[in-house]
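> So here's work.txt, just compact mmCIF, C-alpha atoms:
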# COMPACT_ATOMS: atom_id res chain seq x y z
CA MET V 675 -70.12 -22.68 -42.88
CA LYS V 676 -66.87 -23.34 -44.75
CA VAL V 677 -64.37 -25.40 -42.76
CA PHE V 678 -60.77 -24.37 -43.41
CA SER V 679 -57.96 -26.91 -43.41
CA GLU V 680 -54.98 -26.38 -41.12
CA VAL V 681 -52.85 -25.20 -44.06
CA GLU V 682 -55.56 -22.74 -45.14
CA GLU V 683 -55.77 -21.44 -41.57
CA ARG V 684 -52.02 -20.91 -41.44
CA LEU V 685 -52.06 -19.10 -44.80
CA LYS V 686 -54.89 -16.90 -43.54
CA ASP V 687 -52.86 -16.07 -40.43
CA ILE V 688 -49.97 -14.95 -42.63
CA GLU V 689 -52.37 -12.91 -44.77
CA ARG V 690 -53.78 -11.21 -41.65
CA ASP V 691 -50.25 -10.35 -40.50
CA ILE V 692 -49.37 -8.94 -43.93
CA LYS V 693 -52.48 -6.78 -43.99
CA LYS V 694 -51.45 -4.96 -40.84
CA CYS V 695 -47.72 -4.75 -41.68
CA LYS V 696 -45.84 -1.48 -41.20
CA LYS V 697 -42.31 -2.88 -41.23
CA CYS V 698 -41.18 -0.61 -44.05
CA ASN V 699 -42.52 2.59 -45.57
CA LEU V 700 -44.25 1.00 -48.57
CA TRP V 701 -47.49 0.52 -46.63
CA LYS V 702 -47.94 4.29 -46.70
CA VAL V 703 -47.93 4.50 -50.49
CA LYS V 704 -49.75 1.29 -51.41
CA THR V 705 -53.45 1.05 -52.22
CA ASN V 706 -53.79 -2.59 -51.20
CA TYR V 707 -51.55 -5.21 -49.68
CA VAL V 708 -50.96 -8.10 -52.11
CA PRO V 709 -50.33 -11.16 -49.92
CA GLY V 710 -50.41 -13.74 -52.71
CA GLU V 711 -52.96 -16.41 -53.54
CA GLY V 712 -53.44 -19.92 -54.81
CA ASN V 713 -53.86 -23.54 -53.98
CA GLU V 714 -52.84 -24.47 -50.44
CA ASN V 715 -51.68 -27.89 -51.75
CA ALA V 716 -49.77 -26.39 -54.68
CA GLU V 717 -46.77 -28.31 -55.96
CA VAL V 718 -45.53 -25.18 -57.71
CA PHE V 719 -44.91 -21.83 -56.01
CA PHE V 720 -44.31 -18.83 -58.29
CA ILE V 721 -42.43 -15.90 -56.83
CA GLY V 722 -42.49 -12.53 -58.53
CA GLU V 723 -40.82 -9.30 -57.52
CA ALA V 724 -43.49 -6.93 -56.21
CA PRO V 725 -47.05 -5.87 -57.06
CA GLY V 726 -47.51 -3.56 -60.05
CA LYS V 727 -50.18 -0.94 -60.64
CA GLU V 728 -53.06 -3.32 -61.36
CA GLU V 729 -52.06 -5.69 -58.54
CA ASP V 730 -51.95 -2.78 -56.11
CA LYS V 731 -55.40 -1.74 -57.24
CA GLN V 732 -56.94 -5.21 -56.91
CA GLY V 733 -54.87 -6.61 -54.02
CA ARG V 734 -54.11 -9.74 -56.05
CA PRO V 735 -50.81 -10.90 -57.64
CA PHE V 736 -50.24 -11.10 -61.39
CA VAL V 737 -53.55 -9.67 -62.58
CA GLY V 738 -52.17 -7.17 -65.09
CA ASN V 739 -50.70 -7.89 -68.50
CA ALA V 740 -47.82 -9.91 -67.02
CA GLY V 741 -50.48 -11.95 -65.21
CA LYS V 742 -52.26 -12.65 -68.49
CA LEU V 743 -49.02 -13.98 -69.92
CA LEU V 744 -48.42 -16.07 -66.79
CA ASN V 745 -51.88 -17.63 -67.16
CA GLU V 746 -51.15 -18.39 -70.80
CA LEU V 747 -47.80 -20.00 -69.94
CA LEU V 748 -49.45 -22.09 -67.22
CA LYS V 749 -52.15 -23.24 -69.61
CA LYS V 750 -49.52 -24.46 -72.09
CA ILE V 751 -48.16 -26.89 -69.50
CA GLY V 752 -51.61 -28.03 -68.39
CA LEU V 753 -51.85 -25.96 -65.21
CA ARG V 754 -54.35 -23.37 -64.06
CA ARG V 755 -53.85 -20.52 -61.63
CA GLU V 756 -55.96 -22.44 -59.12
CA ASP V 757 -53.41 -25.29 -59.17
CA VAL V 758 -50.42 -23.20 -58.13
CA PHE V 759 -49.52 -20.57 -55.56
CA ILE V 760 -48.47 -17.12 -56.69
CA GLY V 761 -46.73 -14.58 -54.50
CA ASN V 762 -44.17 -11.83 -54.54
CA VAL V 763 -41.06 -11.03 -52.54
CA LEU V 764 -42.65 -7.68 -51.63
CA LYS V 765 -46.28 -7.54 -50.61
CA CYS V 766 -46.68 -3.80 -51.31
CA ARG V 767 -46.13 -1.90 -54.53
CA PRO V 768 -42.98 0.25 -54.65
CA PRO V 769 -43.83 3.68 -56.10
CA ASN V 770 -43.59 3.83 -59.91
CA ASN V 771 -42.61 0.13 -59.96
CA ARG V 772 -39.08 0.95 -58.89
CA ASP V 773 -36.75 -1.89 -57.85
CA PRO V 774 -37.24 -3.16 -54.30
CA LYS V 775 -34.74 -1.76 -51.80
CA PRO V 776 -32.65 -4.24 -49.78
CA GLU V 777 -34.23 -3.06 -46.52
CA GLU V 778 -37.71 -3.60 -47.99
CA ILE V 779 -36.78 -7.14 -49.01
CA GLU V 780 -35.35 -7.79 -45.57
CA ALA V 781 -38.49 -6.50 -43.88
CA CYS V 782 -41.00 -8.22 -46.15
CA SER V 783 -39.40 -11.57 -47.09
CA PRO V 784 -40.23 -13.36 -43.80
CA TYR V 785 -43.86 -13.42 -45.02
CA LEU V 786 -42.81 -15.20 -48.19
CA LEU V 787 -40.71 -17.67 -46.21
CA ARG V 788 -43.67 -18.41 -43.96
CA GLN V 789 -45.83 -19.04 -47.02
CA LEU V 790 -43.20 -21.37 -48.50
CA ASN V 791 -42.91 -23.25 -45.22
CA VAL V 792 -46.65 -23.81 -45.12
CA ILE V 793 -47.09 -24.81 -48.77
CA LYS V 794 -43.82 -26.80 -49.04
CA PRO V 795 -43.89 -26.85 -52.84
CA LYS V 796 -42.02 -29.34 -54.99
CA VAL V 797 -40.99 -26.61 -57.43
CA ILE V 798 -40.17 -22.98 -56.68
CA VAL V 799 -40.30 -20.85 -59.80
CA CYS V 800 -38.45 -17.55 -59.46
CA LEU V 801 -39.81 -14.97 -61.87
CA GLY V 802 -37.13 -12.42 -62.56
CA ARG V 803 -33.81 -11.45 -61.03
CA HIS V 804 -35.04 -10.14 -57.68
CA SER V 805 -36.86 -13.28 -56.63
CA THR V 806 -34.11 -15.50 -58.07
CA SER V 807 -31.38 -13.67 -56.20
CA PHE V 808 -33.45 -13.81 -53.00
CA ILE V 809 -34.10 -17.58 -53.26
CA PHE V 810 -30.54 -18.38 -54.37
CA ASP V 811 -29.24 -16.43 -51.42
CA LEU V 812 -31.51 -18.37 -49.11
CA PHE V 813 -30.01 -21.68 -50.26
CA ASP V 814 -26.42 -20.39 -50.65
CA ILE V 815 -26.47 -20.74 -54.42
CA PRO V 816 -24.27 -18.19 -56.20
CA PHE V 817 -26.33 -15.94 -58.48
CA ARG V 818 -24.71 -14.92 -61.77
CA GLY V 819 -27.49 -12.85 -63.27
CA ILE V 820 -30.89 -13.93 -64.57
CA SER V 821 -29.92 -14.36 -68.23
CA ARG V 822 -27.23 -16.87 -67.23
CA GLU V 823 -29.30 -18.68 -64.61
CA ARG V 824 -32.65 -18.89 -66.37
CA GLY V 825 -33.79 -22.39 -67.21
CA ASN V 826 -31.11 -24.06 -65.06
CA VAL V 827 -32.97 -26.13 -62.51
CA LYS V 828 -31.29 -26.28 -59.10
CA LYS V 829 -32.03 -28.98 -56.57
CA VAL V 830 -32.02 -28.24 -52.86
CA ARG V 831 -32.86 -30.38 -49.85
CA VAL V 832 -35.52 -28.84 -47.69
CA TRP V 833 -38.59 -30.12 -45.83
CA ASN V 834 -36.91 -33.56 -45.86
CA ARG V 835 -36.98 -33.90 -49.61
CA VAL V 836 -35.61 -32.57 -52.85
CA VAL V 837 -37.11 -29.27 -53.99
CA TYR V 838 -36.50 -27.90 -57.46
CA ILE V 839 -35.75 -24.23 -58.05
CA LEU V 840 -36.39 -22.91 -61.52
CA PRO V 841 -35.27 -19.37 -62.29
CA THR V 842 -36.77 -17.68 -65.32
CA TYR V 843 -37.55 -14.23 -66.64
CA HIS V 844 -40.33 -12.15 -65.17
CA PRO V 845 -43.30 -12.36 -67.56
CA ALA V 846 -43.31 -8.53 -67.67
CA ALA V 847 -39.87 -8.70 -69.32
CA ALA V 848 -41.39 -10.64 -72.22
CA LEU V 849 -43.96 -7.85 -72.69
CA TYR V 850 -41.12 -5.43 -73.43
CA LYS V 851 -38.90 -7.92 -75.27
CA PRO V 852 -41.17 -10.40 -77.08
CA GLN V 853 -38.20 -12.66 -77.96
CA LEU V 854 -37.98 -13.60 -74.26
CA LYS V 855 -41.41 -15.24 -74.49
CA GLU V 856 -39.89 -18.25 -76.21
CA ASP V 857 -37.35 -18.62 -73.40
CA LEU V 858 -40.14 -18.40 -70.85
CA GLU V 859 -42.12 -21.09 -72.68
CA GLU V 860 -39.07 -23.32 -72.80
CA ASP V 861 -38.45 -22.84 -69.06
CA PHE V 862 -42.09 -23.49 -68.19
CA LYS V 863 -41.88 -26.82 -70.04
CA LYS V 864 -39.35 -27.87 -67.40
CA ILE V 865 -41.96 -27.35 -64.68
CA GLY V 866 -44.19 -29.82 -66.49
CA GLU V 867 -41.32 -32.29 -66.80
CA ILE V 868 -40.51 -32.12 -63.09
CA LEU V 869 -44.14 -32.60 -62.11
CA ARG V 870 -44.55 -35.56 -64.44
CA ARG V 871 -41.55 -37.36 -63.00
CA LYS V 872 -42.85 -39.76 -60.45
CA LYS V 873 -40.79 -42.00 -58.22
CA VAL V 874 -42.32 -45.40 -57.88
CA SER V 875 -41.59 -47.98 -55.22
CA LEU V 876 -41.26 -51.74 -55.57
CA LEU V 877 -44.53 -52.04 -53.64
CA ASP V 878 -46.31 -50.61 -56.70
CA PHE V 879 -45.30 -53.78 -58.54
CA GLY V 880 -46.45 -56.17 -55.83
CA ILE V 881 -42.92 -56.71 -54.56
CA GLU V 882 -42.68 -56.83 -50.79
CA MET U 885 -20.93 -72.20 -35.15
CA ILE U 886 -19.75 -70.49 -38.30
CA ASP U 887 -16.11 -70.51 -39.33
CA VAL U 888 -15.24 -69.48 -42.88
CA ILE U 889 -12.27 -68.08 -44.73
CA VAL U 890 -12.72 -65.78 -47.68
CA THR U 891 -10.58 -63.37 -49.69
CA GLY U 892 -10.78 -59.65 -48.81
CA ASP U 893 -12.38 -58.66 -52.10
CA VAL U 894 -15.44 -60.84 -51.43
CA LEU U 895 -16.03 -59.41 -47.97
CA LYS U 896 -15.53 -55.86 -49.25
CA THR U 897 -17.98 -56.45 -52.10
CA ILE U 898 -20.68 -57.98 -49.91
CA ALA U 899 -20.45 -55.09 -47.46
CA LYS U 900 -20.38 -52.45 -50.21
CA ALA U 901 -23.35 -54.07 -51.99
CA LEU U 902 -25.48 -53.95 -48.85
CA VAL U 903 -24.51 -50.50 -47.53
CA ALA U 904 -25.77 -49.06 -50.82
CA LEU U 905 -29.28 -49.67 -49.43
CA VAL U 906 -29.30 -50.59 -45.75
CA SER U 907 -27.28 -50.35 -42.57
CA GLU U 908 -28.31 -53.69 -41.09
CA ALA U 909 -28.96 -57.03 -42.77
CA ARG U 910 -29.53 -60.71 -42.06
CA PHE U 911 -26.87 -63.12 -43.30
CA HIS U 912 -28.09 -66.66 -43.91
CA PHE U 913 -25.47 -69.39 -43.78
CA LYS U 914 -26.50 -72.64 -45.45
CA ASP U 915 -24.68 -75.67 -46.88
CA GLU U 916 -24.74 -74.07 -50.34
CA GLY U 917 -23.27 -70.77 -49.16
CA MET U 918 -24.03 -67.35 -47.75
CA HIS U 919 -27.12 -65.35 -48.74
CA SER U 920 -28.47 -61.95 -47.79
CA ARG U 921 -31.22 -59.71 -49.10
CA ALA U 922 -32.70 -56.40 -48.07
CA VAL U 923 -34.85 -53.55 -49.26
CA ASP U 924 -34.07 -49.86 -48.70
CA PRO U 925 -36.29 -47.82 -46.35
CA ALA U 926 -38.06 -46.11 -49.29
CA ASN U 927 -38.89 -49.50 -50.89
CA VAL U 928 -37.35 -48.34 -54.16
CA ALA U 929 -34.64 -50.96 -54.45
CA MET U 930 -33.73 -54.45 -53.29
CA VAL U 931 -30.35 -56.12 -53.02
CA ILE U 932 -29.73 -59.86 -53.10
CA VAL U 933 -26.25 -61.18 -52.31
CA ASP U 934 -25.11 -64.76 -52.84
CA VAL U 935 -21.69 -66.26 -52.20
CA PRO U 936 -21.62 -70.02 -52.90
CA SER U 937 -19.66 -72.17 -50.45
CA GLU U 938 -17.12 -73.02 -53.22
CA SER U 939 -16.18 -69.33 -53.34
CA PHE U 940 -14.84 -69.51 -49.78
CA GLU U 941 -11.32 -70.74 -49.15
CA ALA U 942 -12.74 -72.74 -46.25
CA TYR U 943 -16.40 -73.11 -45.32
CA SER U 944 -17.73 -74.68 -42.21
CA ALA U 945 -21.13 -73.42 -41.23
CA GLU U 946 -24.13 -74.81 -39.47
CA GLU U 947 -27.34 -73.49 -40.92
CA ASP U 948 -27.87 -70.16 -39.15
CA VAL U 949 -29.14 -66.60 -39.54
CA ILE U 950 -27.20 -63.73 -38.03
CA GLY U 951 -27.97 -60.00 -37.84
CA VAL U 952 -25.12 -57.82 -39.05
CA ASP U 953 -24.33 -54.11 -38.77
CA VAL U 954 -23.17 -53.78 -42.38
CA ASN U 955 -21.83 -50.25 -41.93
CA ARG U 956 -19.43 -51.62 -39.34
CA ILE U 957 -18.35 -54.50 -41.58
CA TYR U 958 -17.94 -52.09 -44.47
CA ASP U 959 -15.67 -49.83 -42.40
CA ILE U 960 -13.55 -52.79 -41.33
CA SER U 961 -13.39 -54.22 -44.85
CA LYS U 962 -11.87 -50.99 -46.18
CA THR U 963 -8.63 -51.83 -44.35
CA ILE U 964 -8.39 -55.32 -45.87
CA LYS U 965 -6.46 -55.94 -49.07
CA SER U 966 -8.31 -57.70 -51.90
CA LYS U 967 -6.22 -60.86 -51.96
CA GLU U 968 -5.79 -61.04 -48.20
CA LEU U 969 -7.41 -64.02 -46.47
CA VAL U 970 -10.04 -63.16 -43.88
CA GLU U 971 -11.37 -65.57 -41.31
CA ILE U 972 -14.91 -64.91 -40.13
CA LYS U 973 -16.08 -66.71 -37.03
CA VAL U 974 -19.45 -66.42 -35.36
CA GLU U 975 -19.87 -67.58 -31.82
CA GLU U 976 -23.03 -66.76 -29.93
CA SER U 977 -23.58 -63.03 -30.40
CA THR U 978 -20.11 -62.05 -31.60
CA MET U 979 -18.53 -62.08 -35.01
CA THR U 980 -14.75 -62.07 -35.19
CA ILE U 981 -13.05 -60.90 -38.35
CA LYS U 982 -9.39 -61.84 -38.49
CA PHE U 983 -6.88 -60.83 -41.15
CA GLY U 984 -3.12 -60.65 -40.84
CA SER U 985 -2.43 -59.95 -37.22
CA VAL U 986 -5.62 -57.93 -36.70
CA GLN U 987 -8.75 -59.31 -35.11
CA TYR U 988 -11.99 -57.37 -34.87
CA SER U 989 -14.82 -58.46 -32.62
CA VAL U 990 -18.19 -57.17 -33.72
CA GLN U 991 -21.38 -57.47 -31.74
CA LEU U 992 -24.18 -59.08 -33.75
CA ILE U 993 -27.71 -57.71 -33.94
CA ASP U 994 -30.77 -59.79 -33.05
CA PRO U 995 -31.99 -60.84 -36.54
CA SER U 996 -35.62 -60.44 -35.44
CA ALA U 997 -34.92 -56.73 -34.80
CA ILE U 998 -33.96 -56.19 -38.46
CA ARG U 999 -36.63 -55.24 -40.95
CA LYS U 1000 -38.44 -58.18 -42.54
CA GLU U 1001 -36.70 -59.45 -45.64
CA PRO U 1002 -38.37 -58.98 -48.99
CA LYS U 1003 -39.60 -61.91 -51.05
CA VAL U 1004 -37.57 -62.40 -54.21
CA PRO U 1005 -40.08 -61.45 -56.89
CA ASN U 1006 -40.72 -63.28 -60.10
CA LEU U 1007 -40.57 -60.52 -62.68
CA GLU U 1008 -41.33 -60.99 -66.33
CA LEU U 1009 -38.87 -58.76 -68.11
CA PRO U 1010 -38.56 -59.12 -71.88
CA ALA U 1011 -35.10 -57.71 -72.63
CA LYS U 1012 -31.90 -59.46 -71.58
CA ILE U 1013 -28.62 -57.62 -71.96
CA VAL U 1014 -25.26 -59.03 -70.87
CA MET U 1015 -22.33 -56.62 -70.86
CA ASP U 1016 -19.10 -55.56 -69.16
CA ALA U 1017 -19.99 -54.13 -65.75
CA GLY U 1018 -17.08 -51.68 -65.88
CA GLU U 1019 -18.48 -50.16 -69.05
CA PHE U 1020 -21.89 -49.77 -67.38
CA LYS U 1021 -20.23 -48.15 -64.37
CA LYS U 1022 -18.56 -45.54 -66.60
CA VAL U 1023 -21.87 -44.53 -68.21
CA ILE U 1024 -23.69 -44.23 -64.88
CA GLN U 1025 -20.89 -42.12 -63.43
CA ALA U 1026 -20.96 -39.87 -66.47
CA ALA U 1027 -24.77 -39.58 -66.33
CA ASP U 1028 -24.56 -38.61 -62.66
CA LYS U 1029 -22.67 -35.48 -63.67
CA ILE U 1030 -25.55 -34.16 -65.76
CA SER U 1031 -28.85 -35.61 -64.58
CA ASP U 1032 -30.66 -37.33 -61.74
CA HIS U 1033 -32.31 -39.89 -63.99
CA VAL U 1034 -31.42 -42.14 -66.92
CA VAL U 1035 -33.40 -44.03 -69.49
CA PHE U 1036 -32.51 -47.64 -70.31
CA ARG U 1037 -33.84 -48.63 -73.70
CA SER U 1038 -33.45 -51.65 -75.91
CA ASP U 1039 -34.71 -52.61 -79.34
CA ASP U 1040 -33.40 -54.66 -82.27
CA THR U 1041 -30.65 -52.08 -82.90
CA GLY U 1042 -29.07 -52.51 -79.47
CA PHE U 1043 -29.06 -51.35 -75.90
CA TYR U 1044 -29.12 -47.64 -75.02
CA ILE U 1045 -28.57 -45.61 -71.87
CA GLU U 1046 -29.62 -41.99 -72.18
CA ALA U 1047 -29.31 -39.07 -69.81
CA GLU U 1048 -30.29 -35.50 -70.45
CA GLY U 1049 -29.16 -32.55 -68.40
CA ASP U 1050 -30.05 -28.90 -68.76
CA VAL U 1051 -27.54 -28.42 -71.55
CA ASP U 1052 -25.65 -31.69 -71.89
CA LYS U 1053 -26.78 -35.04 -73.15
CA ILE U 1054 -25.30 -38.51 -72.95
CA GLU U 1055 -26.20 -41.37 -75.21
CA PHE U 1056 -24.57 -44.74 -74.74
CA HIS U 1057 -25.25 -47.36 -77.36
CA MET U 1058 -24.02 -50.91 -77.75
CA SER U 1059 -25.14 -53.07 -80.64
CA GLU U 1060 -25.65 -56.81 -80.47
CA SER U 1061 -22.10 -57.47 -81.66
CA GLU U 1062 -20.64 -55.32 -78.87
CA LEU U 1063 -22.71 -56.92 -76.14
CA ILE U 1064 -21.86 -60.29 -74.60
CA GLU U 1065 -25.45 -61.46 -74.99
CA PHE U 1066 -28.56 -59.66 -76.23
CA ASN U 1067 -32.04 -60.89 -77.14
CA LYS U 1068 -33.06 -57.70 -79.05
CA ALA U 1069 -36.38 -57.37 -77.18
CA SER U 1070 -37.96 -53.91 -76.95
CA ALA U 1071 -38.15 -52.25 -73.52
CA ARG U 1072 -37.82 -48.80 -72.00
CA SER U 1073 -37.75 -47.58 -68.41
CA MET U 1074 -36.39 -44.58 -66.51
CA PHE U 1075 -34.37 -44.92 -63.30
CA SER U 1076 -32.90 -42.77 -60.58
CA VAL U 1077 -29.16 -42.16 -60.92
CA GLU U 1078 -28.93 -41.69 -57.14
CA TYR U 1079 -29.48 -45.42 -56.72
CA LEU U 1080 -27.57 -46.63 -59.76
CA LYS U 1081 -24.42 -44.75 -58.82
CA GLU U 1082 -24.38 -46.60 -55.48
CA PHE U 1083 -24.94 -49.96 -57.18
CA VAL U 1084 -22.08 -49.62 -59.66
CA LYS U 1085 -19.54 -49.11 -56.87
CA ILE U 1086 -19.12 -52.89 -56.61
CA ALA U 1087 -18.40 -53.28 -60.31
CA GLY U 1088 -14.97 -53.49 -61.86
CA SER U 1089 -13.78 -53.85 -65.41
CA GLY U 1090 -14.08 -57.48 -66.49
CA ASP U 1091 -17.02 -58.17 -64.17
CA ILE U 1092 -20.14 -59.27 -65.97
CA LEU U 1093 -23.48 -57.55 -65.66
CA THR U 1094 -26.77 -59.09 -66.75
CA ILE U 1095 -29.66 -56.67 -67.14
CA TYR U 1096 -33.30 -57.71 -67.39
CA LEU U 1097 -35.36 -54.75 -68.58
CA GLY U 1098 -39.07 -54.10 -69.10
CA THR U 1099 -41.18 -51.06 -69.93
CA ASN U 1100 -42.00 -48.83 -66.95
CA TYR U 1101 -41.11 -51.77 -64.80
CA PRO U 1102 -38.40 -52.59 -62.25
CA VAL U 1103 -35.01 -53.57 -63.66
CA ARG U 1104 -32.85 -56.50 -62.50
CA LEU U 1105 -29.13 -55.82 -62.49
CA ILE U 1106 -27.11 -58.94 -61.75
CA PHE U 1107 -23.42 -58.37 -61.16
CA ASP U 1108 -21.00 -61.31 -61.23
CA VAL U 1109 -18.16 -59.91 -59.20
CA CYS U 1110 -14.84 -60.93 -57.65
CA ASP U 1111 -13.98 -63.24 -60.57
CA GLY U 1112 -17.38 -64.87 -60.36
CA LYS U 1113 -17.01 -65.67 -56.65
CA ALA U 1114 -20.02 -63.54 -55.64
CA LYS U 1115 -23.31 -62.57 -57.21
CA VAL U 1116 -25.01 -59.30 -56.34
CA GLU U 1117 -28.43 -58.58 -57.74
CA TYR U 1118 -30.22 -55.26 -57.49
CA ILE U 1119 -33.87 -54.76 -58.33
CA LEU U 1120 -34.72 -51.11 -58.84
CA ALA U 1121 -38.17 -49.57 -59.24
CA PRO U 1122 -38.56 -47.27 -62.24
CA ARG U 1123 -39.42 -43.61 -62.31
CA ILE U 1124 -42.59 -43.21 -64.27
CA GLU U 1125 -43.23 -40.43 -66.75
CA GLU U 1126 -46.97 -39.90 -66.72
If you convert what's in this file into structure tokens, what do you get?

Amino acid sequence: MKVFSEVEERLKDIERDIKKCKKCNLWKVKTNYVPGEGNENAEVFFIGEAPGKEEDKQGRPFVGNAGKLLNELLKKIGLRREDVFIGNVLKCRPPNNRDPKPEEIEACSPYLLRQLNVIKPKVIVCLGRHSTSFIFDLFDIPFRGISRERGNVKKVRVWNRVVYILPTYHPAAALYKPQLKEDLEEDFKKIGEILRRKKVSLLDFGIE
Amino acid sequence: MIDVIVTGDVLKTIAKALVALVSEARFHFKDEGMHSRAVDPANVAMVIVDVPSESFEAYSAEEDVIGVDVNRIYDISKTIKSKELVEIKVEESTMTIKFGSVQYSVQLIDPSAIRKEPKVPNLELPAKIVMDAGEFKKVIQAADKISDHVVFRSDDTGFYIEAEGDVDKIEFHMSESELIEFNKASARSMFSVEYLKEFVKIAGSGDILTIYLGTNYPVRLIFDVCDGKAKVEYILAPRIEE
């Protein structure tokens, strides 16, 4: 029998709550809930906007073409999907991939916040303008549009430490505008840089 | 019994040097002068303060260790002028600080209740750089505007401090001829600006800073401050790029 860690248990609780959610009308039109998935000890938490067609079909985040690009971008900085956590602001697909409505974000975002509070990542990567504006709002950071904010790492103090917020384009945007792929690659490099930075104490040098 | 007289700048500097890392410290009074050292709660940096007895205007002290609330002393020292004479007396568990017509009485802390002092390490650091501390302060303050870390680097072409922000970049370079002393050894380490910006607060233009630098190793920053009357050394752990 598999023994789940406390963090895994808490993530499963959130997933159970999501799968019976009726807080907005999207549950009526979805095929599957898409709670999000990944490593419970992830240092990086990716936040997308909402599930698309393929995600809705499979009940998993970023499994369509945008997901393929995300995997590729992760690989370039030495990460795998299993190393990170991937979720969306909305857990159900809005019909025809329309933009999330404010009341849907309000109803659904507590699930994302619960996931963040359990995982406590070192880096929060906001994919696209909806997740960036949501996270910026949460930390009282003024949002001036994704093309101005992308790549600018913000530092916030939460969970008793510094957490880095990296806004970037949604990988789907690079599928329509291939020139954005370079920007995405450049922004992803920053994730690698943040993770590589390691604070060392004097004790590591035998000084006490 | 401790009864010493010192100029305001020295007391201010000692207090400022210590509050950068801790809120309480042990002060050791010996025949040769006053000494204090402490490590911050995260064990990232150490401060060592020395004021030789000759730097006091008057020095009469039996060998003793006292526990001091440095935040309190720092607050008091802000109201003292640099050239003003300050008399510090310690009797039993009270320290009195007298300047002009003001006298503060501060309760001492039991030294055994303060965190154990660090041992002063013997570090082998190849590069030695001696420069104006005010110049160093300017670079650190500029770096703080754009990044949370800086790289100190030295080779036979000089000493470099580099900081890179999201869009901006700072490169400070001084060649051998611009430095007071330089042994041209190669070294490179990265450090947190959060700490450095606190350290440089004690430095003024004309003060001398001696840096001992290694590669991915702690740095020693020795500030000769208050016209050479006090020596403040910081040892800071590096940030490692894997």
> Only residues of chain V matter here; which ones have an atom within 8 Å of chain U, counting only C-alpha atoms? Give them as a list in words.
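Result, ordered by chain then number: Gly825, Asn826, Val827, Arg870, Arg871, Lys872, Lys873, Val874, Ser875, Leu876, Leu877, Phe879, Ile881 and Glu882 of chain V.
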> Pick out the residues sitting within 6 Å of V:Asn713, and hand them over as a list in words; count only C-alpha atoms, and ignore anything fewer than 2 positions along from it in its own chain.
Asn715, Ala716, Glu756, Asp757, Val758 and Phe759 of chain V
> When you count all atoms listed in the file, which of these residues is closest to U:Ile1106: U:Ile1024, U:Ala1071, U:Val1014, U:Ile1030?
U:Val1014
> Residues near U:Ser1061, anyone? I mean within 12 Å using only C-alpha atoms, not counting same-chain ones fewer than 2 positions away, as a ChimeraX atom specification.
/U:1013-1015,1040-1043,1057-1059,1063-1068
> Would you please work out which residue, of U:Lys973, U:Arg999, U:Lys1081, U:Arg1072, is nearest to U:Lys1022 when using all atoms listed in the file?
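Of all the options, U:Lys1081 lies closest to U:Lys1022.
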> Considering only C-alpha atoms, can you say which of U:Glu938, U:Asp1028, U:Glu916, U:Glu968 comes closest to U:Ala1047?
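The answer is U:Asp1028, which sits nearest to U:Ala1047.
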> Find the smallest box with edges along x, y and z containing every listed atom of stretch 700-703 of chain V, then add 3 Å on each side and report centre and edge lengths in Å to one decimal, as JSON.

{"center_x": -46.1, "center_y": 2.5, "center_z": -48.6, "size_x": 9.7, "size_y": 10.0, "size_z": 9.9}
> Hey, can you check how far atom CA of U:Ile1054 sits from atom CA of U:Phe1036?
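These atoms are spaced 11.9 Å apart.
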> Compute the distance from (-22.7, -66.0, -47.2) to each atom, counting all atoms listed in the file, keep the residues with any atom at most 8 Å away, and return them as JSON, numbers by chain; use the coordinates of the file.
{"U": [911, 912, 913, 914, 917, 918, 919, 920, 933, 934, 935, 936, 937]}
> Those residues you just picked out, can you put them in a file as a short mmCIF file (atom, residue, chain, number, x, y, z; two decimals), in the frame of the given file with C-alpha atoms?

data_model
loop_
_atom_site.label_atom_id
_atom_site.label_comp_id
_atom_site.auth_asym_id
_atom_site.auth_seq_id
_atom_site.Cartn_x
_atom_site.Cartn_y
_atom_site.Cartn_z
CA PHE U 911 -26.87 -63.12 -43.30
CA HIS U 912 -28.09 -66.66 -43.91
CA PHE U 913 -25.47 -69.39 -43.78
CA LYS U 914 -26.50 -72.64 -45.45
CA GLY U 917 -23.27 -70.77 -49.16
CA MET U 918 -24.03 -67.35 -47.75
CA HIS U 919 -27.12 -65.35 -48.74
CA SER U 920 -28.47 -61.95 -47.79
CA VAL U 933 -26.25 -61.18 -52.31
CA ASP U 934 -25.11 -64.76 -52.84
CA VAL U 935 -21.69 -66.26 -52.20
CA PRO U 936 -21.62 -70.02 -52.90
CA SER U 937 -19.66 -72.17 -50.45
#
> So which residues touch V:Lys693 within 10 Å, counting all atoms listed in the file, skipping near sequence neighbours fewer than 2 positions away, as a VMD selection string?
chain V and resid 687 to 691 695 to 696 701 706 to 709 765 to 766
> Pick from U:Arg1104, U:Val1077, U:Val986, U:Ile981: nearest to U:Pro1010, with only C-alpha atoms counted?
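Among the listed residues, the smallest separation from U:Pro1010 belongs to U:Arg1104.
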> Go ahead and find all residues with at least one atom no further than 10 Å from (-50.8, -12.7, -70.3) in the file's coordinates, using all atoms listed in the file; report them as a compact mmCIF listing (two decimals) with C-alpha atoms, keeping the file's coordinate frame.

# COMPACT_ATOMS: atom_id res chain seq x y z
CA PHE V 736 -50.24 -11.10 -61.39
CA VAL V 737 -53.55 -9.67 -62.58
CA GLY V 738 -52.17 -7.17 -65.09
CA ASN V 739 -50.70 -7.89 -68.50
CA ALA V 740 -47.82 -9.91 -67.02
CA GLY V 741 -50.48 -11.95 -65.21
CA LYS V 742 -52.26 -12.65 -68.49
CA LEU V 743 -49.02 -13.98 -69.92
CA LEU V 744 -48.42 -16.07 -66.79
CA ASN V 745 -51.88 -17.63 -67.16
CA GLU V 746 -51.15 -18.39 -70.80
CA LEU V 747 -47.80 -20.00 -69.94
CA LEU V 748 -49.45 -22.09 -67.22
CA PRO V 845 -43.30 -12.36 -67.56
CA ALA V 846 -43.31 -8.53 -67.67
CA ALA V 848 -41.39 -10.64 -72.22
CA LEU V 849 -43.96 -7.85 -72.69
